[in-house]
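*Asks:* Mind having a look at this structure? Questions to follow.
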Amino acid sequence: MTKRTTVHQGKNILLGHGSGGRLTHELITTLFKPYFSNPALDTLDDAASLALPKSGALAFTTDSFVVNPVFFPGGDIGKLAVCGTVNDLSMKGAEPLALSLAAIIEEGFGMEDLERIVASAQKAAREAGVAIVTGDTKVVEKGKADKIFLTSTGIGRIRPGITVSGSRARAGDAVLINGTIGDHGIAVLAARNEFKMRTAVTSDCAPLNRLAAKMLAAFRGIHVLRDPTRGGLATTLNEIAASSGVGIIIEEAMIPVKPEVRAACGILGFDPLYVANEGKLIAFMPQKQAGKVLAAMRKETYGKDSTVIGTVVKSPRGVWVRTAAGGLRPVVMLEGEQLPRIC
Amino acid sequence: MHKEKKQAARIPLSRNGVNLMEVCGTHTMAIARAGLKNRFPAGVRMLSGPGCPVCVTPTADIDRAIMLGKGKNVIITTFGDMLRVPGSRSSLEKERSEGADVRILYSPADALDIAAANPAKEVVFLGVGFETTAPTIAATVAIAKKRKVKNFSVLAMFKTIPNALRSILAIKERRIDGFLLPGHVSTIIGSDAYGFIAAEYRIPGVVAGFEPQDILTGVDMLVEQIRSGEPKIENQYSRSVTPEGNRTAQALLRTVFTEADSSWRAIGVIPKSGLVFSPGFTGFDALKRFDVPLVEAEDPKGCRCGEILLGLAGPVQCPFFGKRCTPADPVGPCMVSSEGACAAEYKYGRMK
């Protein structure tokens with residue numbers, strides 16, 4: 001993708017860019033359209049027209065993105081907006097068909113930064129093999145929004161026979177994860193510079209649709225797929241345990257955490273289980289299928305560190321971590337935000 | 001280490017068992033989190049102690065901090081734990097949601113950066129903590145004095161441990177047979193600071209680290225001492241704690257602060273158990289800079305935080321535990337502090 005920074009260098013977003021007039025049109029035709037270009041988008045009609053899939057069900061999801069700071073090691077709000085929605089579709093076992101992208105921009109936001117975000121969103125979309133076919137831009141007065149907010153909505157196709165759902169976890173299932181937890185949350189926290197923490201940790205933000213597709217190809221009957229984003233792995237496991245009416249036991253020693261993330265969490269008094277991820281998924285399937293799904297995962301770019309982390313039981317209900325001492329420690333839902341400790 | 005464990009297990013304790021007090025809230029949390037309760041020698045009863053700085057801060061002090069925060073040009077800077085502690089009517093978190101400028105810091109030095117970036121505002125740091133954290137605030141104040149920072153002050157609410165332990169020992173209602181002494185406070189004050197416990201009270205103490213094995217070893221060492229009948233202060237955490245402690249930190253504390261009597265939640269005034277500003281540094285005392293009335297505040301009725309801090313009751317014996325008092329909606333600080341005994345029991349009490 002060729003860089004077009006020269007057109008927008010040194011300029012800022014003005015209220016006029018959101019008013020629907022000439023400036024809006026210019027913004028669309030010189031920034032959004034060149035980057036996102038695809039037949040459905042290029043008509044610049046009020047709605048994109050797409051062909052319905054001949055079989056399967058439609059998956060439909062939406063998400064808003066307000067991350068601060070807008071740029072962080074390993075990604076930015078644009079990459080996040082695409083990957084987040086692609087991943088939500090993937091967790092339903094759907095292949096993404098099309099995305100929309102709506103922006104609410106604060107007056108005065110740098111045009112160069114906007115272009116960086118747009119380029120990043122397009123790069124992520126290209127990697128995921130999906131097009132951004134429609135969008136919207138609004139500009140609000142300075143102070144009425146924190147730099148830029150994005151909302152992306154996605155539709156996808158769930159192939160016949162795929163029935164992943166948070167309520168399908170069953171006793172005897174194995175719980176798999178595709179890599180280390182806590183990377184995204186720590187990277188963003190460090191980038192916010194509130195704690196003057198220098199770290200090499202980068203966000204794990206990534207599109208997981210190809211990984212999910214390969215997993216379902218290895219075993220179509222996967223019970224649950226879920227991406228542990230805000231609230232971390234602990235929150236996602238609690239949601240599934242509640243939905244399915246089961247207990248989930250995670251082996252403490254098997255939870256993959258990068259040493260740098262563990263260290264950062266240790267200093268602040270955070271628990272990696274509650275720290276956000278943006279490129280991770282967990283999968284539940286009958287124990288005897290775990291081996292072949294794991295093998296398929298490890299061949300994929302975002303699955304190299306895949307591992308089994310636990311099992312599903314009928315009781316005790318809820319989420320538990322089996323400690324090194326052999327006991328079961330309850331893992332509750334997060335109460336508010338995690339706060340750094342005193343001593 | 002392994003040998004000590006074997007020895008302790010062999011010798012039976014008295015029929016009534018022994019009461020060991022884990023002074024530090026971080027020990028309480030670590031014990032709960034690792035499920036160590038069932039791994040201590042038979043007959044050992046662990047009592048929670050007052051080593052939770054937020055928990056022992058009186059409600060009146062919390063109210064004062066909240067009142068300061070209401071000031072139009074005041075920026076409150078604080079450690080995270082203070083955010084949700086309930087005052088008489090409000091909390092810093094509630095005030096923040098209603099427009100108060102309350103910022104969470106990991107390092108108190110960041111408060112000086114905020115002061116520099118906001119010259120028209122007054123930055124107040126909430127000085128809660130024991131000897132572990134007081135030196136970092138002392139250092140920050142010393143730098144502020146050197147740089148002649150005009151818009152920075154500290155609400156000094158620090159508490160010190162050794163004399164609090166004397167007050168604990170004065171309580172006759174229950175016997176304490178040994179102390180699991182705080183690891184981090186001891187890195188500053190040194191293990192020798194507890195000598196009086198063995199010398200005057202004839203009670204053993206072991207300074208322990210926070211890994212599960214540290215705590216198990218520390219408890220075994222205490223049990224062994226009780227058996228031998230020769231109480232002393234031992235240091236299990238020698239990789240971080242020395243007998244004399246951190247001299248630099250101690251000097252800093254002596255320069256910036258002075259020992260004073262201090263009021264502890266539910267315990268009352270303990271002589272020489274707190275820190276106030278030394279004469280040369282009173283310019284940074286938020287109480288002198290701002291006109292904050294000293295109002296009496298009552299601890300919430302029925303809340304048993306105080307007894308829990310003294311090891312006289314356990315969290316589940318408080319009528320509010322898990323019902324009216326939860327981490328999301330706490331009655332007292334013990335449920336909301338990351339070192340609170342009630343928070344530990346709530347989070348890990350269902351441990352199997």
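Residues in the structure tokens are named by chain (A, B, ... in the order shown) and by number from 1 within that chain; ligands are numbered from 1 in the order shown.
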Using DSSP secondary structure from the backbone, list all helix (DSSP H, G or I) positions within range 35-193 of chain A, as an MDAnalysis selection string.
*Replies:* chainID A and resid 35:36 39:42 77:90 111:128 183:192
*Asks:* Skip range 191-206 of chain A itself and residues of its chain fewer than 5 positions away, then list as an MDAnalysis selection string all residues within 8 Å of it, counting only C-alpha atoms.
*Replies:* (chainID A and resid 68:69 72:75 79:80 83 124 183:186 260:261 277:280 302) or (chainID B and resid 105:107)
*Asks:* What are the residues of chain B that have an atom within 8 Å of an atom of chain A, counting only C-alpha atoms, as number ranges by chain?
*Replies:* B: 33-36, 79-81, 105-107, 129, 132-133, 184, 327-328, 338, 347-348, 350-352
*Asks:* Could those selected residues go to a file with N, CA and C atoms, as a PDB file, in the first residue's frame?
*Replies:*
```
ATOM      1  N   ARG B  33      -3.958 -16.937  49.304  1.00  0.00           N
ATOM      2  CA  ARG B  33      -3.861 -17.177  47.875  1.00  0.00           C
ATOM      3  C   ARG B  33      -3.214 -18.528  47.550  1.00  0.00           C
ATOM      4  N   ALA B  34      -2.201 -18.901  48.359  1.00  0.00           N
ATOM      5  CA  ALA B  34      -1.502 -20.156  48.081  1.00  0.00           C
ATOM      6  C   ALA B  34      -2.133 -21.329  48.814  1.00  0.00           C
ATOM      7  N   GLY B  35      -3.198 -21.049  49.538  1.00  0.00           N
ATOM      8  CA  GLY B  35      -3.879 -22.137  50.241  1.00  0.00           C
ATOM      9  C   GLY B  35      -3.006 -22.794  51.297  1.00  0.00           C
ATOM     10  N   LEU B  36      -2.261 -21.996  52.060  1.00  0.00           N
ATOM     11  CA  LEU B  36      -1.303 -22.570  53.001  1.00  0.00           C
ATOM     12  C   LEU B  36      -1.925 -22.989  54.327  1.00  0.00           C
ATOM     13  N   PHE B  79      -1.870   6.378  46.446  1.00  0.00           N
ATOM     14  CA  PHE B  79      -1.703   4.982  46.064  1.00  0.00           C
ATOM     15  C   PHE B  79      -3.084   4.411  45.764  1.00  0.00           C
ATOM     16  N   GLY B  80      -3.081   3.375  44.927  1.00  0.00           N
ATOM     17  CA  GLY B  80      -4.358   2.847  44.430  1.00  0.00           C
ATOM     18  C   GLY B  80      -5.331   2.387  45.495  1.00  0.00           C
ATOM     19  N   ASP B  81      -4.812   1.747  46.519  1.00  0.00           N
ATOM     20  CA  ASP B  81      -5.666   1.155  47.548  1.00  0.00           C
ATOM     21  C   ASP B  81      -6.636   2.112  48.203  1.00  0.00           C
ATOM     22  N   LEU B 105      -1.071   6.975  41.679  1.00  0.00           N
ATOM     23  CA  LEU B 105       0.347   6.902  41.342  1.00  0.00           C
ATOM     24  C   LEU B 105       0.929   5.597  41.857  1.00  0.00           C
ATOM     25  N   TYR B 106       1.932   5.130  41.180  1.00  0.00           N
ATOM     26  CA  TYR B 106       2.685   4.024  41.736  1.00  0.00           C
ATOM     27  C   TYR B 106       3.869   4.579  42.524  1.00  0.00           C
ATOM     28  N   SER B 107       4.492   5.633  41.995  1.00  0.00           N
ATOM     29  CA  SER B 107       5.628   6.250  42.674  1.00  0.00           C
ATOM     30  C   SER B 107       5.246   7.658  43.122  1.00  0.00           C
ATOM     31  N   GLY B 129       0.818   4.433  54.717  1.00  0.00           N
ATOM     32  CA  GLY B 129       1.797   3.356  54.580  1.00  0.00           C
ATOM     33  C   GLY B 129       2.589   3.191  55.855  1.00  0.00           C
ATOM     34  N   THR B 132       7.719   0.839  55.028  1.00  0.00           N
ATOM     35  CA  THR B 132       8.080   0.421  53.672  1.00  0.00           C
ATOM     36  C   THR B 132       7.975   1.580  52.699  1.00  0.00           C
ATOM     37  N   THR B 133       6.868   2.317  52.808  1.00  0.00           N
ATOM     38  CA  THR B 133       6.590   3.378  51.844  1.00  0.00           C
ATOM     39  C   THR B 133       6.989   4.765  52.311  1.00  0.00           C
ATOM     40  N   HIS B 184       8.581  -6.702  54.164  1.00  0.00           N
ATOM     41  CA  HIS B 184       8.994  -5.463  53.521  1.00  0.00           C
ATOM     42  C   HIS B 184       9.314  -4.352  54.500  1.00  0.00           C
ATOM     43  N   PRO B 327     -16.417  -6.550  48.344  1.00  0.00           N
ATOM     44  CA  PRO B 327     -15.421  -5.673  47.728  1.00  0.00           C
ATOM     45  C   PRO B 327     -16.049  -4.571  46.870  1.00  0.00           C
ATOM     46  N   ALA B 328     -17.160  -4.855  46.236  1.00  0.00           N
ATOM     47  CA  ALA B 328     -17.791  -3.845  45.392  1.00  0.00           C
ATOM     48  C   ALA B 328     -18.462  -2.767  46.230  1.00  0.00           C
ATOM     49  N   SER B 338      -6.087  -4.207  49.301  1.00  0.00           N
ATOM     50  CA  SER B 338      -5.447  -5.384  48.704  1.00  0.00           C
ATOM     51  C   SER B 338      -4.716  -6.198  49.766  1.00  0.00           C
ATOM     52  N   LYS B 347     -12.048 -13.399  48.776  1.00  0.00           N
ATOM     53  CA  LYS B 347     -11.527 -13.850  47.494  1.00  0.00           C
ATOM     54  C   LYS B 347     -11.144 -15.325  47.515  1.00  0.00           C
ATOM     55  N   TYR B 348     -10.494 -15.729  48.602  1.00  0.00           N
ATOM     56  CA  TYR B 348      -9.908 -17.069  48.610  1.00  0.00           C
ATOM     57  C   TYR B 348     -10.513 -18.008  49.641  1.00  0.00           C
ATOM     58  N   ARG B 350     -13.123 -19.666  49.768  1.00  0.00           N
ATOM     59  CA  ARG B 350     -13.758 -20.900  49.302  1.00  0.00           C
ATOM     60  C   ARG B 350     -12.712 -21.909  48.836  1.00  0.00           C
ATOM     61  N   MET B 351     -11.453 -21.608  49.070  1.00  0.00           N
ATOM     62  CA  MET B 351     -10.352 -22.467  48.673  1.00  0.00           C
ATOM     63  C   MET B 351     -10.603 -23.915  49.066  1.00  0.00           C
ATOM     64  N   LYS B 352     -10.288 -24.819  48.122  1.00  0.00           N
ATOM     65  CA  LYS B 352     -10.503 -26.228  48.456  1.00  0.00           C
ATOM     66  C   LYS B 352      -9.165 -26.944  48.570  1.00  0.00           C
TER      67      LYS B 352
END
```
*Asks:* Write out as a PyMOL selection string all residues of range 126-229 of chain A that DSSP puts in strand (DSSP E) for this structure's backbone.
*Replies:* chain A and resi 131-140+148-158+173-177+224-226
*Asks:* If you count only C-alpha atoms, which residues fall within 12 Å of Lys54 in chain A, apart from same-chain ones fewer than 6 positions away, as number ranges by chain?
*Replies:* A: 157-160
*Asks:* Between A:Leu216, A:Lys258, A:Thr229, A:Ile104, single out the one closest to Lys138 in chain A, counting only C-alpha atoms.
*Replies:*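 Of A:Leu216, A:Lys258, A:Thr229, A:Ile104, the one nearest Lys138 in chain A is A:Ile104, counting only C-alpha atoms.
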*Asks:* Which one is closest to Thr326 in chain B: B:Ile267, B:Ala344, B:Ile31, B:Leu309? Count only C-alpha atoms.
*Replies:*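 The shortest atom-to-atom distance to Thr326 in chain B comes from B:Ala344.
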*Asks:* I'd like the neighbourhood of range 96-103 of chain A as a list in words, where a residue qualifies if any of its atoms comes within 7 Å (using only C-alpha atoms), though same-chain residues fewer than 2 positions away should be ignored.
*Replies:*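 The residues that qualify are Val86, Leu89, Ala94, Ile105, Val130, Ala131, Ile132, Val133, Thr134, Gly135, Asp136, Thr137, Lys138, Ile148, Phe149, Leu150, Thr151, Ser152, Thr153, Gly154, Ile155, Gly156 and Arg157 of chain A.
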*Asks:* So which residues touch Ile62 in chain B within 10 Å, counting only C-alpha atoms, skipping near sequence neighbours fewer than 6 positions away, as a list in words?
*Replies:* Val54, Leu68, Met82, Val85, Pro86, Gly87, Ser88, Ser90, Ser91, Leu92, Leu126, Met157 and Ala297 of chain B
*Asks:* Pick from B:Ile161, B:Leu20, B:Ala208, B:Ala286: nearest to Val123 in chain B, with only C-alpha atoms counted?
*Replies:*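 Ranking B:Ile161, B:Leu20, B:Ala208, B:Ala286 by distance to Val123 in chain B, first place goes to B:Ala286.
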